[in-house]
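What follows is the content of input_22.cif (mmCIF, C-alpha atoms).
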```
data_upload
#
loop_
_atom_site.label_atom_id
_atom_site.label_comp_id
_atom_site.auth_asym_id
_atom_site.auth_seq_id
_atom_site.Cartn_x
_atom_site.Cartn_y
_atom_site.Cartn_z
CA MET A 1 29.49 -0.63 1.57
CA GLN A 2 26.45 0.33 3.58
CA SER A 3 26.63 1.52 7.14
CA GLN A 4 25.57 -0.61 10.06
CA GLU A 5 22.70 1.85 10.59
CA PHE A 6 21.37 1.16 7.10
CA LYS A 7 21.76 -2.60 7.47
CA GLN A 8 19.77 -2.50 10.72
CA TRP A 9 17.11 -0.26 9.15
CA LEU A 10 16.84 -2.56 6.12
CA SER A 11 16.44 -5.59 8.37
CA ASP A 12 13.70 -3.83 10.36
CA PHE A 13 12.08 -2.52 7.16
CA GLN A 14 12.10 -5.96 5.56
CA ALA A 15 10.18 -7.36 8.54
CA LEU A 16 7.26 -4.94 8.05
CA ARG A 17 4.03 -6.35 6.62
CA LEU A 18 0.70 -4.96 5.50
CA PRO A 19 -2.38 -6.42 7.22
CA GLN A 20 -4.64 -8.88 5.45
CA TRP A 21 -8.32 -8.08 4.84
CA GLY A 22 -9.30 -10.32 7.75
CA ASP A 23 -7.11 -8.28 10.11
CA PHE A 24 -9.30 -5.20 9.69
CA PRO A 25 -12.04 -4.52 12.23
CA ASP A 26 -15.31 -6.08 11.11
CA LEU A 27 -17.38 -3.07 12.10
CA GLU A 28 -18.07 0.41 10.89
CA LEU A 29 -15.68 3.14 11.98
CA TYR A 30 -15.87 6.90 12.28
CA MET A 31 -13.28 9.19 10.71
CA ASP A 32 -10.97 9.40 13.75
CA GLN A 33 -10.98 5.62 14.12
CA VAL A 34 -10.18 5.18 10.42
CA ILE A 35 -7.29 7.63 10.68
CA ASN A 36 -5.90 5.77 13.72
CA GLU A 37 -6.24 2.35 12.07
CA VAL A 38 -4.68 3.39 8.75
CA ASN A 39 -1.85 5.33 10.40
CA LYS A 40 -1.10 2.38 12.68
CA GLN A 41 -0.44 0.32 9.54
CA LEU A 42 1.27 2.93 7.36
CA GLU A 43 3.42 5.03 9.68
CA PRO A 44 6.06 2.35 10.38
CA LEU A 45 6.30 1.57 6.66
CA LEU A 46 5.96 4.92 4.90
CA HIS A 47 6.64 7.40 7.71
CA VAL A 48 3.59 9.39 6.61
CA LYS A 49 0.23 9.90 8.22
CA ILE A 50 -3.15 10.15 6.58
CA THR A 51 -5.32 13.08 7.61
CA LYS A 52 -9.00 13.94 7.65
CA THR A 53 -8.38 16.42 4.83
CA MET A 54 -6.76 13.72 2.69
CA ILE A 55 -9.63 11.31 3.24
CA ASN A 56 -12.23 13.96 2.43
CA SER A 57 -10.29 14.86 -0.72
CA TYR A 58 -10.14 11.21 -1.83
CA VAL A 59 -13.90 10.90 -1.31
CA LYS A 60 -14.62 14.10 -3.29
CA MET A 61 -12.37 12.90 -6.11
CA ALA A 62 -14.14 9.49 -6.02
CA ILE A 63 -10.84 7.72 -5.40
CA ILE A 64 -12.40 5.95 -2.43
CA GLU A 65 -16.04 5.16 -1.80
CA ARG A 66 -18.23 7.68 -0.04
CA PRO A 67 -18.86 6.64 3.60
CA ILE A 68 -22.39 5.68 4.57
CA LYS A 69 -23.72 7.99 7.30
CA LYS A 70 -20.13 9.07 8.11
CA ARG A 71 -19.12 5.47 8.80
CA TYR A 72 -16.31 3.65 7.07
CA ASN A 73 -15.79 -0.09 6.60
CA ARG A 74 -13.09 -2.54 5.50
CA ASP A 75 -13.38 -1.38 1.88
CA HIS A 76 -12.42 2.13 2.94
CA LEU A 77 -9.47 0.95 5.04
CA ALA A 78 -8.16 -1.13 2.15
CA GLU A 79 -8.61 1.70 -0.36
CA LEU A 80 -6.87 4.20 1.91
CA ILE A 81 -3.89 1.91 2.46
CA ILE A 82 -3.56 1.17 -1.26
CA VAL A 83 -3.88 4.83 -2.26
CA SER A 84 -1.40 5.93 0.40
CA ILE A 85 1.16 3.44 -0.88
CA MET A 86 0.56 3.89 -4.59
CA LYS A 87 0.54 7.68 -4.57
CA LEU A 88 4.23 7.53 -3.73
CA VAL A 89 4.89 6.57 -7.35
CA PHE A 90 1.68 7.30 -9.28
CA PRO A 91 -0.63 10.29 -9.64
CA LEU A 92 -3.98 9.95 -7.89
CA ASP A 93 -5.91 9.44 -11.12
CA VAL A 94 -3.74 6.42 -11.93
CA CYS A 95 -4.31 5.08 -8.40
CA LYS A 96 -8.06 5.48 -8.92
CA LYS A 97 -7.97 3.62 -12.26
CA GLY A 98 -5.85 0.83 -10.81
CA ILE A 99 -8.23 0.32 -7.90
CA GLN A 100 -11.18 0.27 -10.27
CA GLN A 101 -9.49 -2.27 -12.55
CA ALA A 102 -8.80 -4.52 -9.58
CA LEU A 103 -12.41 -4.25 -8.41
CA ASP A 104 -13.72 -5.01 -11.90
CA ASN A 105 -12.20 -8.48 -11.65
CA THR A 106 -12.82 -9.50 -8.06
CA SER A 107 -14.21 -8.50 -4.66
CA ALA A 108 -12.59 -5.76 -2.60
CA GLY A 109 -11.31 -8.29 -0.06
CA GLU A 110 -9.76 -10.55 -2.69
CA ALA A 111 -8.24 -7.63 -4.61
CA TYR A 112 -6.76 -6.17 -1.44
CA ASP A 113 -5.38 -9.51 -0.24
CA GLN A 114 -3.79 -10.12 -3.67
CA PHE A 115 -2.05 -6.75 -3.47
CA VAL A 116 -0.98 -7.36 0.13
CA ALA A 117 0.42 -10.81 -0.73
CA LEU A 118 2.41 -9.29 -3.57
CA PHE A 119 3.64 -6.42 -1.38
CA ASN A 120 4.52 -8.62 1.60
CA ASP A 121 6.30 -11.17 -0.64
CA GLU A 122 8.34 -8.40 -2.23
CA MET A 123 9.26 -7.06 1.21
CA ALA A 124 10.36 -10.52 2.32
CA ASN A 125 12.49 -10.92 -0.82
CA ILE A 126 14.23 -7.54 -0.93
CA ASN A 127 17.65 -9.22 -1.07
CA ALA A 128 16.60 -12.10 -3.35
CA PRO A 129 18.26 -12.56 -6.75
CA ALA A 130 16.64 -10.48 -9.49
CA SER A 131 15.38 -13.55 -11.35
CA VAL A 132 13.06 -14.35 -8.45
CA ASN A 133 11.46 -10.93 -8.71
CA GLU A 134 10.86 -10.68 -12.47
CA PHE A 135 7.36 -10.55 -13.93
CA ASP A 136 5.99 -12.69 -16.71
CA LEU A 137 4.65 -10.96 -19.84
CA SER A 138 1.89 -13.58 -20.07
CA GLU A 139 0.39 -12.18 -16.86
CA SER A 140 -2.50 -9.72 -16.96
CA SER A 141 -1.60 -6.08 -17.36
CA LEU A 142 -3.07 -5.38 -13.91
CA ALA A 143 -0.77 -8.00 -12.33
CA ILE A 144 2.28 -6.53 -14.07
CA VAL A 145 1.32 -2.98 -13.05
CA GLN A 146 0.91 -4.08 -9.45
CA LYS A 147 4.29 -5.81 -9.42
CA VAL A 148 6.05 -2.82 -10.96
CA ALA A 149 4.29 -0.44 -8.58
CA VAL A 150 5.16 -2.48 -5.49
CA LYS A 151 8.80 -2.68 -6.53
CA SER A 152 8.84 1.06 -7.24
CA VAL A 153 7.42 1.94 -3.84
CA ILE A 154 9.71 -0.36 -1.91
CA TYR A 155 12.86 0.70 -3.72
CA LYS A 156 11.90 4.37 -3.49
CA LEU A 157 11.65 3.99 0.29
CA ILE A 158 15.02 2.21 0.41
CA GLY A 159 16.65 4.87 -1.79
CA THR A 160 15.21 7.66 0.34
CA LYS A 161 16.65 6.05 3.48
CA LEU A 162 20.07 5.69 1.88
CA VAL A 163 20.09 9.39 1.00
CA GLU A 164 18.97 10.33 4.52
CA ILE A 165 21.77 8.29 6.10
CA GLY A 166 24.32 9.68 3.67
#
```

Whole structure given in structure tokens:
Amino acid sequence: MQSQEFKQWLSDFQALRLPQWGDFPDLELYMDQVINEVNKQLEPLLHVKITKTMINSYVKMAIIERPIKKRYNRDHLAELIIVSIMKLVFPLDVCKKGIQQALDNTSAGEAYDQFVALFNDEMANINAPASVNEFDLSESSLAIVQKVAVKSVIYKLIGTKLVEIG
């Protein structure tokens, strides 16, 4: 039986949502603004903060696009959020390949919104019966990978909290 503290945390956690593409500022941002925007979205969910060093490293490793004249756009925000989430369960090179596969099939906005819909649906259905959350082998490999990854991240965060509470 879980403690009341865990039940309250799980209820609060389950209410968290990632922003849609259209929720991002429709203007170019400088590094400090990007850090603030990404951390505003990620800190309540992951309890981690992205740093300037991390962003510069992701750019050097070509995990995210290089900014144009030190300005970042929606693509960068989406990539940083996805990488920050996915690196909890995958190495960075796998994150990079997954992002590239998603972008091979659709626009950055559509790919991001598909991931966010999957993530937010999974968050909303944390306590749903397992049959609701299963994947279909007829789906594309990218869709299956995303579903498995989202589940892995969410349940890793839940497991970590349970260990912290004791």

Kindly assemble as a tab-separated table a list of the region 59-126 of chain A residues that lie within 12 Å of region 3-13 of chain A, each paired with its nearest atom pair and their distance in Å to one decimal, using only C-alpha atoms, sorted first by chain and then by ascending residue number.
```
residue	atom	partner	partner_atom	distance
A:Asn120	CA	A:Phe13	CA	11.2
A:Glu122	CA	A:Phe13	CA	11.7
A:Met123	CA	A:Phe13	CA	8.0
A:Ala124	CA	A:Phe13	CA	9.5
A:Asn125	CA	A:Ser11	CA	11.3
A:Ile126	CA	A:Leu10	CA	9.0
```

Who sits within 8 Å of region 30-42 of chain A, all atoms listed in the file, same chain under 2 positions skipped, as a PyMOL selection string:
chain A and resi 18-19+28+44-52+70-72+77+80-81

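The smallest atom-to-atom distance between Asp136 (chain A) and any of A:Val148, A:Asp23, A:His76, A:Ser84, using all atoms listed in the file, is found for A:Val148.
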
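For the pair CA of Phe119 (chain A) and CA of Asp26 (chain A), the separation is 22.7 Å.
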
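You will find CA of Val59 (chain A) at 26.0 Å from CA of Ala117 (chain A).
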
What's the separation between CA of Phe90 (chain A) and CA of Ser138 (chain A), in Å to one decimal place?
23.5 Å

Taking the file above as input, evaluate the PyMOL selection byres ((chain A and resi 150) around 12) and report the hits as a ChimeraX atom specification.
/A:82,85-90,114-123,126,133,135,143-149,151-157

Would you pick out the contacts of Glu79 (chain A) at 10 Å or less, using only C-alpha atoms, so that residues sharing its chain but fewer than 6 positions from it are not included, and give the list as a PDB file with C-alpha atoms, keeping the file's coordinate frame?
```
ATOM      1  CA  TYR A  58     -10.140  11.210  -1.830  1.00  0.00           C
ATOM      2  CA  ILE A  63     -10.840   7.720  -5.400  1.00  0.00           C
ATOM      3  CA  ILE A  64     -12.400   5.950  -2.430  1.00  0.00           C
ATOM      4  CA  GLU A  65     -16.040   5.160  -1.800  1.00  0.00           C
ATOM      5  CA  ILE A  85       1.160   3.440  -0.880  1.00  0.00           C
ATOM      6  CA  CYS A  95      -4.310   5.080  -8.400  1.00  0.00           C
ATOM      7  CA  LYS A  96      -8.060   5.480  -8.920  1.00  0.00           C
ATOM      8  CA  ILE A  99      -8.230   0.320  -7.900  1.00  0.00           C
ATOM      9  CA  ALA A 108     -12.590  -5.760  -2.600  1.00  0.00           C
ATOM     10  CA  TYR A 112      -6.760  -6.170  -1.440  1.00  0.00           C
TER      11      TYR A 112
END
```

Kindly provide, as JSON, the centre and edge lengths (Å, one decimal) of an axis-aligned box around all atoms of region 143-154 of chain A given in the file, with 4 Å on each side.
```
{"center_x": 4.5, "center_y": -3.0, "center_z": -8.0, "size_x": 18.5, "size_y": 17.9, "size_z": 20.2}
```
